[in-house]
Amino acid sequence: MLRSDSTGSGALAMLEYMPSETDSDTTSPRPTSCFETTHWSVVLLAAGRKSTEGEQALAALCQAYWMPLYAYARCRIGDSHRAQDLTQTFFAKLLEKDYLLAADPAKGRFRAFLLTAMKRLMANEWDKRSALKRGGGMVPLSLDFDIADCRFLESSNDSLTAEQIFMRGWVRTLLDRVFEQLRQEFEMAGKAQEFSHLKVFITATDAAVPTSTVAERLGISVGAVRVAVHRLRRRYRQVLREQVAATVDDPEDIDDEIRSLFSAFG
């Protein structure tokens, strides 16, 4: 689980000075992931045609990004049980494709599509206490509301709107996924200890963390630490862009989406 010191503007700010070129020299093998090649508009198109692969990919995207929607509903309603029912109902409807027919991939943002659809559901279901029955009593995704509530309470702030809480939750979920993929890559390469010591450099400047201390702990030279940090930051940027690419319609929208996410912590 990604800790609070690796979320927010610090991790996104790394994009402002990291090189954008693709480099094939990576620290370790990369796990296969549908998020590396699948944009949400393609998923919607495939799901609309009753493609099993499309439905599975859509479910994977929803599984990855449901927490910000729950936080939005929780902020608007206040009652955790009603927010849980609405979230479950939302995904039951979404995966049944009731909402996919109205989706407009040209608008380009999976998060915008989800939030708009959730707002419409809440407007229709606001006073209905039997909303969960619309899903046939079945929970389409395995949702851990205990973790979601902890996150909501950590991020709740009287000065933030429900939309701002949603956006910050989206960013946190995105960065969780990036860090988890990096952790898995290092673990697969037998470098779990190296990652545990180097990951702090993603959100901190070199001056903030003594490279000599890290070098001593890893049993390598200071120069080797600096090279490893450079490669980690470069790979971090690549993985972040891959994750964002899965949620936009056009690869040209990636940079704009990253700037929009960064503004959530402005």
# chains A, B, ... in the order shown; residues from 1 in each chain; ligands from 1
$ residues_around --residues "Ala46 of chain A" --least-positions-apart "6" --cutoff "8 Å" --atoms "only C-alpha atoms" --output "PDB file with all heavy atoms, in the first residue's frame"
ATOM      1  N   GLU A  53     -13.462  -9.991 -23.597  1.00  0.00           N
ATOM      2  CA  GLU A  53     -12.217  -9.302 -23.284  1.00  0.00           C
ATOM      3  C   GLU A  53     -12.483  -7.849 -22.913  1.00  0.00           C
ATOM      4  O   GLU A  53     -11.873  -7.303 -21.990  1.00  0.00           O
ATOM      5  CB  GLU A  53     -11.258  -9.365 -24.475  1.00  0.00           C
ATOM      6  CG  GLU A  53     -10.734 -10.754 -24.795  1.00  0.00           C
ATOM      7  CD  GLU A  53     -11.741 -11.613 -25.534  1.00  0.00           C
ATOM      8  OE1 GLU A  53     -12.791 -11.077 -25.953  1.00  0.00           O
ATOM      9  OE2 GLU A  53     -11.489 -12.821 -25.694  1.00  0.00           O
ATOM     10  N   GLY A  54     -13.410  -7.217 -23.642  1.00  0.00           N
ATOM     11  CA  GLY A  54     -13.741  -5.830 -23.351  1.00  0.00           C
ATOM     12  C   GLY A  54     -14.383  -5.677 -21.984  1.00  0.00           C
ATOM     13  O   GLY A  54     -14.060  -4.749 -21.229  1.00  0.00           O
ATOM     14  N   GLU A  55     -15.286  -6.598 -21.652  1.00  0.00           N
ATOM     15  CA  GLU A  55     -15.940  -6.555 -20.349  1.00  0.00           C
ATOM     16  C   GLU A  55     -14.937  -6.749 -19.224  1.00  0.00           C
ATOM     17  O   GLU A  55     -14.999  -6.086 -18.184  1.00  0.00           O
ATOM     18  CB  GLU A  55     -17.035  -7.627 -20.279  1.00  0.00           C
ATOM     19  CG  GLU A  55     -18.218  -7.348 -21.205  1.00  0.00           C
ATOM     20  CD  GLU A  55     -19.239  -8.472 -21.176  1.00  0.00           C
ATOM     21  OE1 GLU A  55     -18.995  -9.460 -20.458  1.00  0.00           O
ATOM     22  OE2 GLU A  55     -20.265  -8.354 -21.860  1.00  0.00           O
TER      23      GLU A  55
END
$ closest_residue --among "A:Ala162, A:Val171, A:Met67, A:Ala112" --to "Phe265 of chain A" --atoms "only C-alpha atoms"
A:Val171
$ atom_distance --atom1 "atom CA of Ile258 of chain A" --atom2 "atom CA of Asp146 of chain A"
28.8 Å
$ closest_residue --among "A:Thr161, A:Thr87, A:Ser221, A:Gln238" --to "Gln63 of chain A" --atoms "only C-alpha atoms"
A:Thr87
$ residues_around --residues "Val209 of chain A" --least-positions-apart "4" --cutoff "12 Å" --atoms "only C-alpha atoms" --output "NGL selection string"
:A and (197-205 or 213-215 or 225-226 or 229)
$ residues_around --residues "Arg168 of chain A" --least-positions-apart "5" --cutoff "8 Å" --atoms "only C-alpha atoms" --output "VMD selection string"
chain A and resid 8 68 261 264 to 265
$ write_last_selection --atoms "C-alpha atoms" --output "compact mmCIF listing (two decimals), in the first residue's frame"
# COMPACT_ATOMS: atom_id res chain seq x y z
CA GLY A 8 0.12 13.91 -3.97
CA PRO A 68 -12.56 8.01 -5.69
CA LEU A 261 -4.17 15.86 -12.02
CA ALA A 264 -5.68 19.01 -7.83
CA PHE A 265 -2.92 19.76 -5.34
$ closest_residue --among "A:Met118, A:Pro210, A:Gln243, A:Arg151" --to "Glu180 of chain A" --atoms "only C-alpha atoms"
A:Gln243
